[in-house]
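**Student:** Provided herewith: my_file.pdb, PDB, C-alpha atoms, pLDDT in the B column.
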```pdb
ATOM      1  CA  MET P   8      98.813 137.420 102.729  1.00 38.00           C
ATOM      2  CA  SER P   9      96.137 136.926 100.080  1.00 41.00           C
ATOM      3  CA  HIS P  10      96.770 137.783  96.473  1.00 49.00           C
ATOM      4  CA  GLY P  11      93.168 137.057  95.535  1.00 52.00           C
ATOM      5  CA  ILE P  12      94.228 133.999  93.551  1.00 53.00           C
ATOM      6  CA  VAL P  13      91.970 130.999  93.800  1.00 58.00           C
ATOM      7  CA  THR P  14      92.172 127.516  92.373  1.00 62.00           C
ATOM      8  CA  PRO P  15      89.911 126.579  89.461  1.00 66.00           C
ATOM      9  CA  TYR P  16      87.715 124.626  91.887  1.00 63.00           C
ATOM     10  CA  GLU P  17      87.602 127.116  94.758  1.00 58.00           C
ATOM     11  CA  GLY P  18      84.077 127.202  96.125  1.00 53.00           C
ATOM     12  CA  ARG P  19      82.719 124.647  93.665  1.00 59.00           C
ATOM     13  CA  GLY P  20      79.780 122.590  94.825  1.00 54.00           C
ATOM     14  CA  HIS P  21      81.629 119.406  95.807  1.00 62.00           C
ATOM     15  CA  GLY P  22      81.216 120.288  99.480  1.00 69.00           C
ATOM     16  CA  GLY P  23      83.879 120.096 102.097  1.00 84.00           C
ATOM     17  CA  TRP P  24      85.033 118.024 104.997  1.00 90.00           C
ATOM     18  CA  ASP P  25      82.264 116.503 107.084  1.00 91.00           C
ATOM     19  CA  PRO P  26      83.518 114.409 110.017  1.00 90.00           C
ATOM     20  CA  ASN P  27      80.181 112.560 110.139  1.00 91.00           C
ATOM     21  CA  THR P  28      80.349 111.319 106.542  1.00 92.00           C
ATOM     22  CA  PRO P  29      82.244 108.124 105.647  1.00 94.00           C
ATOM     23  CA  ILE P  30      85.505 108.779 103.794  1.00 95.00           C
ATOM     24  CA  PRO P  31      85.502 107.337 100.257  1.00 95.00           C
ATOM     25  CA  ALA P  32      88.414 105.106  99.283  1.00 97.00           C
ATOM     26  CA  PRO P  33      89.702 106.352  96.947  1.00 97.00           C
ATOM     27  CA  LEU P  34      88.360 109.896  96.829  1.00 96.00           C
ATOM     28  CA  ALA P  35      86.661 111.029  93.602  1.00 94.00           C
ATOM     29  CA  LEU P  36      86.392 114.817  93.822  1.00 92.00           C
ATOM     30  CA  HIS P  37      87.201 115.935  90.286  1.00 93.00           C
ATOM     31  CA  ARG P  38      85.911 115.418  86.761  1.00 93.00           C
ATOM     32  CA  ALA P  39      86.892 117.269  83.591  1.00 94.00           C
ATOM     33  CA  THR P  40      86.213 117.283  79.877  1.00 95.00           C
ATOM     34  CA  VAL P  41      89.176 117.505  77.506  1.00 97.00           C
ATOM     35  CA  SER P  42      89.144 121.051  76.171  1.00 95.00           C
ATOM     36  CA  LYS P  43      90.088 121.996  72.618  1.00 96.00           C
ATOM     37  CA  THR P  44      92.953 124.065  74.095  1.00 96.00           C
ATOM     38  CA  TRP P  45      94.367 120.961  75.839  1.00 96.00           C
ATOM     39  CA  VAL P  46      94.831 118.975  72.611  1.00 97.00           C
ATOM     40  CA  ASP P  47      98.227 118.833  70.899  1.00 95.00           C
ATOM     41  CA  TYR P  48      99.409 118.276  67.309  1.00 95.00           C
ATOM     42  CA  ASN P  49      98.671 114.546  67.676  1.00 94.00           C
ATOM     43  CA  ARG P  50      95.036 115.453  68.436  1.00 94.00           C
ATOM     44  CA  HIS P  51      95.322 114.017  71.949  1.00 95.00           C
ATOM     45  CA  LEU P  52      95.470 115.489  75.445  1.00 96.00           C
ATOM     46  CA  SER P  53      98.894 117.143  75.571  1.00 96.00           C
ATOM     47  CA  GLU P  54     101.596 116.070  77.957  1.00 95.00           C
ATOM     48  CA  SER P  55     101.433 119.255  80.023  1.00 95.00           C
ATOM     49  CA  CYS P  56      97.646 119.112  80.253  1.00 96.00           C
ATOM     50  CA  PHE P  57      97.766 115.697  81.927  1.00 97.00           C
ATOM     51  CA  LEU P  58      99.629 117.479  84.733  1.00 96.00           C
ATOM     52  CA  LEU P  59      97.148 120.378  84.597  1.00 95.00           C
ATOM     53  CA  VAL P  60      94.228 117.991  85.170  1.00 96.00           C
ATOM     54  CA  PHE P  61      96.052 116.210  88.016  1.00 96.00           C
ATOM     55  CA  GLY P  62      96.819 119.615  89.551  1.00 94.00           C
ATOM     56  CA  ASP P  63      93.152 120.560  89.331  1.00 94.00           C
ATOM     57  CA  SER P  64      92.318 117.291  91.097  1.00 94.00           C
ATOM     58  CA  SER P  65      94.773 118.199  93.868  1.00 95.00           C
ATOM     59  CA  ASP P  66      93.212 121.656  94.157  1.00 93.00           C
ATOM     60  CA  SER P  67      89.778 120.109  94.530  1.00 92.00           C
ATOM     61  CA  PHE P  68      91.142 117.808  97.261  1.00 95.00           C
ATOM     62  CA  PHE P  69      92.849 120.701  99.043  1.00 95.00           C
ATOM     63  CA  ARG P  70      89.585 122.618  99.120  1.00 92.00           C
ATOM     64  CA  TRP P  71      87.749 119.539 100.420  1.00 93.00           C
ATOM     65  CA  VAL P  72      90.107 119.111 103.408  1.00 95.00           C
ATOM     66  CA  GLY P  73      90.227 122.843 104.210  1.00 93.00           C
ATOM     67  CA  VAL P  74      93.207 124.258 102.318  1.00 93.00           C
ATOM     68  CA  ASP P  75      91.193 127.058 100.758  1.00 88.00           C
ATOM     69  CA  GLU P  76      91.702 130.757 100.123  1.00 88.00           C
ATOM     70  CA  ALA P  77      91.255 131.618 103.827  1.00 90.00           C
ATOM     71  CA  TYR P  78      93.852 129.009 104.821  1.00 94.00           C
ATOM     72  CA  ARG P  79      96.293 130.320 102.229  1.00 93.00           C
ATOM     73  CA  ALA P  80      95.591 133.930 103.267  1.00 93.00           C
ATOM     74  CA  ALA P  81      96.605 132.927 106.803  1.00 95.00           C
ATOM     75  CA  GLY P  82     100.070 132.097 105.435  1.00 97.00           C
ATOM     76  CA  HIS P  83     100.115 128.372 104.681  1.00 97.00           C
ATOM     77  CA  SER P  84      99.805 126.254 101.570  1.00 97.00           C
ATOM     78  CA  LEU P  85     100.875 122.997  99.951  1.00 97.00           C
ATOM     79  CA  TYR P  86     103.700 122.969  97.407  1.00 97.00           C
ATOM     80  CA  THR P  87     104.510 120.085  95.083  1.00 97.00           C
ATOM     81  CA  ALA P  88     108.038 118.755  95.618  1.00 97.00           C
ATOM     82  CA  GLU P  89     107.963 115.856  93.154  1.00 96.00           C
ATOM     83  CA  THR P  90     105.599 114.328  90.589  1.00 97.00           C
ATOM     84  CA  HIS P  91     105.883 111.083  88.629  1.00 97.00           C
ATOM     85  CA  LEU P  92     103.482 110.781  85.694  1.00 97.00           C
ATOM     86  CA  HIS P  93     102.659 107.598  83.831  1.00 97.00           C
ATOM     87  CA  HIS P  94     100.878 108.027  80.499  1.00 96.00           C
ATOM     88  CA  LEU P  95      98.897 104.871  79.796  1.00 97.00           C
ATOM     89  CA  GLY P  96      96.280 105.914  77.265  1.00 97.00           C
ATOM     90  CA  GLU P  97      95.058 108.742  75.092  1.00 96.00           C
ATOM     91  CA  ALA P  98      92.253 111.242  75.507  1.00 97.00           C
ATOM     92  CA  SER P  99      90.816 113.392  72.735  1.00 97.00           C
ATOM     93  CA  GLU P 100      88.889 116.637  72.623  1.00 97.00           C
ATOM     94  CA  GLY P 101      85.535 116.272  74.364  1.00 97.00           C
ATOM     95  CA  ASP P 102      86.448 113.093  76.246  1.00 98.00           C
ATOM     96  CA  PRO P 103      85.093 113.010  79.808  1.00 97.00           C
ATOM     97  CA  LEU P 104      87.659 112.364  82.535  1.00 97.00           C
ATOM     98  CA  ARG P 105      87.152 111.065  86.078  1.00 96.00           C
ATOM     99  CA  LEU P 106      89.921 111.324  88.644  1.00 96.00           C
ATOM    100  CA  THR P 107      90.549 109.498  91.888  1.00 97.00           C
ATOM    101  CA  LEU P 108      92.951 110.358  94.669  1.00 97.00           C
ATOM    102  CA  GLN P 109      94.510 108.149  97.343  1.00 98.00           C
ATOM    103  CA  ILE P 110      96.598 109.266 100.304  1.00 98.00           C
ATOM    104  CA  LEU P 111      99.583 106.924 100.470  1.00 98.00           C
ATOM    105  CA  ASP P 112     101.190 108.523 103.510  1.00 98.00           C
ATOM    106  CA  VAL P 113     101.263 111.659 105.623  1.00 98.00           C
ATOM    107  CA  ASP P 114     103.440 113.036 108.389  1.00 97.00           C
ATOM    108  CA  ASP P 115     103.529 116.405 110.128  1.00 96.00           C
ATOM    109  CA  LYS P 116     104.847 118.267 107.034  1.00 98.00           C
ATOM    110  CA  ARG P 117     104.512 115.973 103.999  1.00 98.00           C
ATOM    111  CA  LEU P 118     101.714 114.401 102.006  1.00 98.00           C
ATOM    112  CA  HIS P 119     102.234 111.504  99.565  1.00 98.00           C
ATOM    113  CA  LEU P 120      99.367 111.214  97.038  1.00 98.00           C
ATOM    114  CA  PHE P 121      98.438 108.974  94.148  1.00 98.00           C
ATOM    115  CA  HIS P 122      96.070 110.132  91.399  1.00 98.00           C
ATOM    116  CA  ALA P 123      94.447 108.008  88.708  1.00 98.00           C
ATOM    117  CA  MET P 124      92.793 109.450  85.584  1.00 98.00           C
ATOM    118  CA  TYR P 125      90.079 107.416  83.866  1.00 98.00           C
ATOM    119  CA  HIS P 126      88.022 107.870  80.736  1.00 98.00           C
ATOM    120  CA  GLU P 127      84.591 108.468  82.268  1.00 96.00           C
ATOM    121  CA  ASP P 128      82.674 106.452  79.663  1.00 97.00           C
ATOM    122  CA  SER P 129      84.970 103.490  78.947  1.00 98.00           C
ATOM    123  CA  GLY P 130      86.548 103.252  82.388  1.00 97.00           C
ATOM    124  CA  ALA P 131      89.999 102.953  80.786  1.00 98.00           C
ATOM    125  CA  LEU P 132      92.904 104.048  82.998  1.00 98.00           C
ATOM    126  CA  LEU P 133      94.600 106.853  81.039  1.00 98.00           C
ATOM    127  CA  ALA P 134      97.307 108.084  83.405  1.00 98.00           C
ATOM    128  CA  THR P 135      98.556 108.116  86.962  1.00 98.00           C
ATOM    129  CA  ALA P 136     100.454 110.678  89.002  1.00 98.00           C
ATOM    130  CA  GLU P 137     102.352 110.088  92.219  1.00 98.00           C
ATOM    131  CA  GLN P 138     103.096 113.267  94.158  1.00 97.00           C
ATOM    132  CA  MET P 139     104.997 114.389  97.234  1.00 98.00           C
ATOM    133  CA  LEU P 140     103.643 117.635  98.642  1.00 98.00           C
ATOM    134  CA  LEU P 141     105.128 119.844 101.351  1.00 98.00           C
ATOM    135  CA  HIS P 142     103.184 121.997 103.790  1.00 98.00           C
ATOM    136  CA  VAL P 143     104.733 125.465 103.664  1.00 98.00           C
ATOM    137  CA  ASP P 144     104.686 128.605 105.774  1.00 98.00           C
ATOM    138  CA  THR P 145     104.421 131.021 102.861  1.00 97.00           C
ATOM    139  CA  GLU P 146     105.544 134.034 104.914  1.00 96.00           C
ATOM    140  CA  ALA P 147     108.737 132.318 106.096  1.00 96.00           C
ATOM    141  CA  GLY P 148     109.269 130.520 102.782  1.00 95.00           C
ATOM    142  CA  ARG P 149     109.953 127.142 104.382  1.00 97.00           C
ATOM    143  CA  VAL P 150     108.347 123.823 105.220  1.00 98.00           C
ATOM    144  CA  ALA P 151     106.186 123.910 108.370  1.00 98.00           C
ATOM    145  CA  PRO P 152     103.922 121.513 110.290  1.00 98.00           C
ATOM    146  CA  PHE P 153     100.306 121.099 109.172  1.00 97.00           C
ATOM    147  CA  ALA P 154      97.630 122.844 111.210  1.00 95.00           C
ATOM    148  CA  GLY P 155      96.118 120.522 113.810  1.00 95.00           C
ATOM    149  CA  PHE P 156      92.769 120.191 112.041  1.00 96.00           C
ATOM    150  CA  LEU P 157      94.554 119.157 108.821  1.00 96.00           C
ATOM    151  CA  VAL P 158      96.621 116.521 110.624  1.00 96.00           C
ATOM    152  CA  GLU P 159      93.374 115.053 111.985  1.00 96.00           C
ATOM    153  CA  ARG P 160      91.669 115.053 108.573  1.00 97.00           C
ATOM    154  CA  LEU P 161      94.634 113.768 106.581  1.00 98.00           C
ATOM    155  CA  THR P 162      95.332 111.064 109.159  1.00 97.00           C
ATOM    156  CA  ALA P 163      91.683 109.964 109.081  1.00 97.00           C
ATOM    157  CA  ILE P 164      91.764 109.745 105.272  1.00 98.00           C
ATOM    158  CA  ARG P 165      95.094 107.879 105.377  1.00 98.00           C
ATOM    159  CA  ALA P 166      93.645 105.348 107.827  1.00 98.00           C
ATOM    160  CA  VAL P 167      90.810 104.556 105.396  1.00 98.00           C
ATOM    161  CA  HIS P 168      93.067 104.633 102.321  1.00 98.00           C
ATOM    162  CA  SER P 169      95.634 102.327 103.962  1.00 98.00           C
ATOM    163  CA  ARG P 170      93.167  99.488 103.290  1.00 97.00           C
ATOM    164  CA  LEU P 171      93.541 100.078  99.539  1.00 97.00           C
ATOM    165  CA  PRO P 172      96.293  98.231  97.672  1.00 97.00           C
ATOM    166  CA  VAL P 173      99.387 100.266  96.898  1.00 96.00           C
ATOM    167  CA  PRO P 174      99.196 100.982  93.153  1.00 95.00           C
ATOM    168  CA  GLU P 175     101.853  99.252  91.019  1.00 93.00           C
ATOM    169  CA  ALA P 176     103.174 102.571  89.719  1.00 94.00           C
ATOM    170  CA  VAL P 177     104.106 103.838  93.184  1.00 96.00           C
ATOM    171  CA  GLY P 178     107.854 104.231  93.606  1.00 93.00           C
ATOM    172  CA  HIS P 179     108.511 103.145  90.004  1.00 89.00           C
ATOM    173  CA  VAL P 180     112.063 103.851  88.892  1.00 88.00           C
ATOM    174  CA  MET P 181     112.552 105.016  85.319  1.00 88.00           C
ATOM    175  CA  GLY P 182     115.237 103.390  83.212  1.00 90.00           C
ATOM    176  CA  ILE P 183     116.027 101.266  80.187  1.00 93.00           C
ATOM    177  CA  PRO P 184     116.198  97.645  81.321  1.00 87.00           C
ATOM    178  CA  ARG P 185     119.353  95.865  80.173  1.00 89.00           C
TER
END
```
Let me see whether you can do it: turn the structure in this file into structure tokens.
**Tutor:**
Amino acid sequence: MSHGIVTPYEGRGHGGWDPNTPIPAPLALHRATVSKTWVDYNRHLSESCFLLVFGDSSDSFFRWVGVDEAYRAAGHSLYTAETHLHHLGEASEGDPLRLTLQILDVDDKRLHLFHAMYHEDSGALLATAEQMLLHVDTEAGRVAPFAGFLVERLTAIRAVHSRLPVPEAVGHVMGIPR
């Protein structure tokens, strides 16, 4: 059932899946510029807007692999189950951001992603986000297997991305060392 809601990057010109094109490792499907409305009282990108930008990167990726409005209208989507953010640097109003995305793992119902956010000009790593996503049957309200074409695409990307090193932040446990 479609509610007419689209992601910010629905239909943008970054193209879509092409089985004849080599898969980049990592993927780089999203760029953004820090908006005035994203800046907090410290004059830096606010905590919640880091997650907003990572979410927009996910949306761009979803569109690229085929999770678009038509797919969602057919009753399936991806839901975020868990996110771990690491804030490593600051971004100010007007700063250009470049995001990368790496598939760490995938099975028939889950997708484990790693995002990295860089300052476009300096190349400085500003933040990372590790996410576990669940494929959901939105009509039934429960986790369901990926469509066959998505399994093929996600598995192909995972095969290429498995050659990348696992980022240090993956699986990091938060705590105060004693």
**Student:** Closest to P:Leu106 among P:Ala134, P:Val143, P:Ala80, P:Ile183, using only C-alpha atoms?
**Tutor:**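 The closest residue to P:Leu106 is P:Ala134.
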**Student:** Applying the PyMOL selection byres ((chain P and resi 97) around 8) to the file I just gave you, which residues come out? Please list them as number ranges by chain.
**Tutor:** P: 51-52, 94-96, 98-99, 133
**Student:** Pick the closest to P:Asp25 from P:Ala163, P:Gly130, P:Ser84, P:Phe61: which is it, counting only C-alpha atoms?
**Tutor:**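 Of P:Ala163, P:Gly130, P:Ser84, P:Phe61, the one nearest P:Asp25 is P:Ala163, counting only C-alpha atoms.
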**Student:** To one decimal in Å, tell me the separation between atom CA of P:Val72 and atom CA of P:Trp24.
**Tutor:**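 Answer for the atom CA of P:Val72 to atom CA of P:Trp24 separation: 5.4 Å.
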**Student:** By how many Å are atom CA of P:Gln109 and atom CA of P:Glu54 apart?
**Tutor:**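 Separation between atom CA of P:Gln109 and atom CA of P:Glu54: 22.1 Å.
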**Student:** Taking the file above as input, evaluate the PyMOL selection byres ((chain P and resi 124) around 12) and report the hits as a ChimeraX atom specification.
**Tutor:** /P:35-41,57-64,92-98,102-109,121-123,125-127,129-137
**Student:** I need the residue nearest P:Gln138 from this list: P:Leu85, P:Val167, P:Phe153, P:Thr162. Use all atoms listed in the file for the distance.
**Tutor:**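 When distances to P:Gln138 are compared using all atoms listed in the file, the smallest one comes from P:Leu85.
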**Student:** Can you tell me, as a PDB file with C-alpha atoms, in the frame of the given file, what residues are no more than 7 Å from P:Tyr86 when counting all atoms listed in the file, ignoring any on the same chain fewer than 3 positions away?
**Tutor:**
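This is the output file out_10.pdb:
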```pdb
ATOM      1  CA  LEU P 140     103.643 117.635  98.642  1.00 98.00           C
ATOM      2  CA  LEU P 141     105.128 119.844 101.351  1.00 98.00           C
ATOM      3  CA  HIS P 142     103.184 121.997 103.790  1.00 98.00           C
ATOM      4  CA  VAL P 143     104.733 125.465 103.664  1.00 98.00           C
TER       5      VAL P 143
END
```
**Student:** Just to confirm, what's the straight-line distance from atom CA of P:Arg165 to atom CA of P:Gly82 in Å (one decimal)?
**Tutor:**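 If I compute the distance from atom CA of P:Arg165 to atom CA of P:Gly82, I get 24.7 Å.
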**Student:** I would like the residues chosen by the PyMOL selection byres ((chain P and resi 43) around 9) on the shown file; could you give them as a list in words?
**Tutor:**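 Selection result, ordered by chain and number: Val41, Ser42, Thr44, Trp45, Val46, Asp47, Leu52, Ser99, Glu100 and Gly101 of chain P.
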**Student:** Go through P:His119, P:Arg170, P:His179, P:Arg149 one by one, measure the shortest atom-to-atom distance of each to P:His83 using all atoms listed in the file, and give the residue with the smallest value.
**Tutor:**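 Between P:His119, P:Arg170, P:His179, P:Arg149, the residue approaching P:His83 most closely is P:Arg149.
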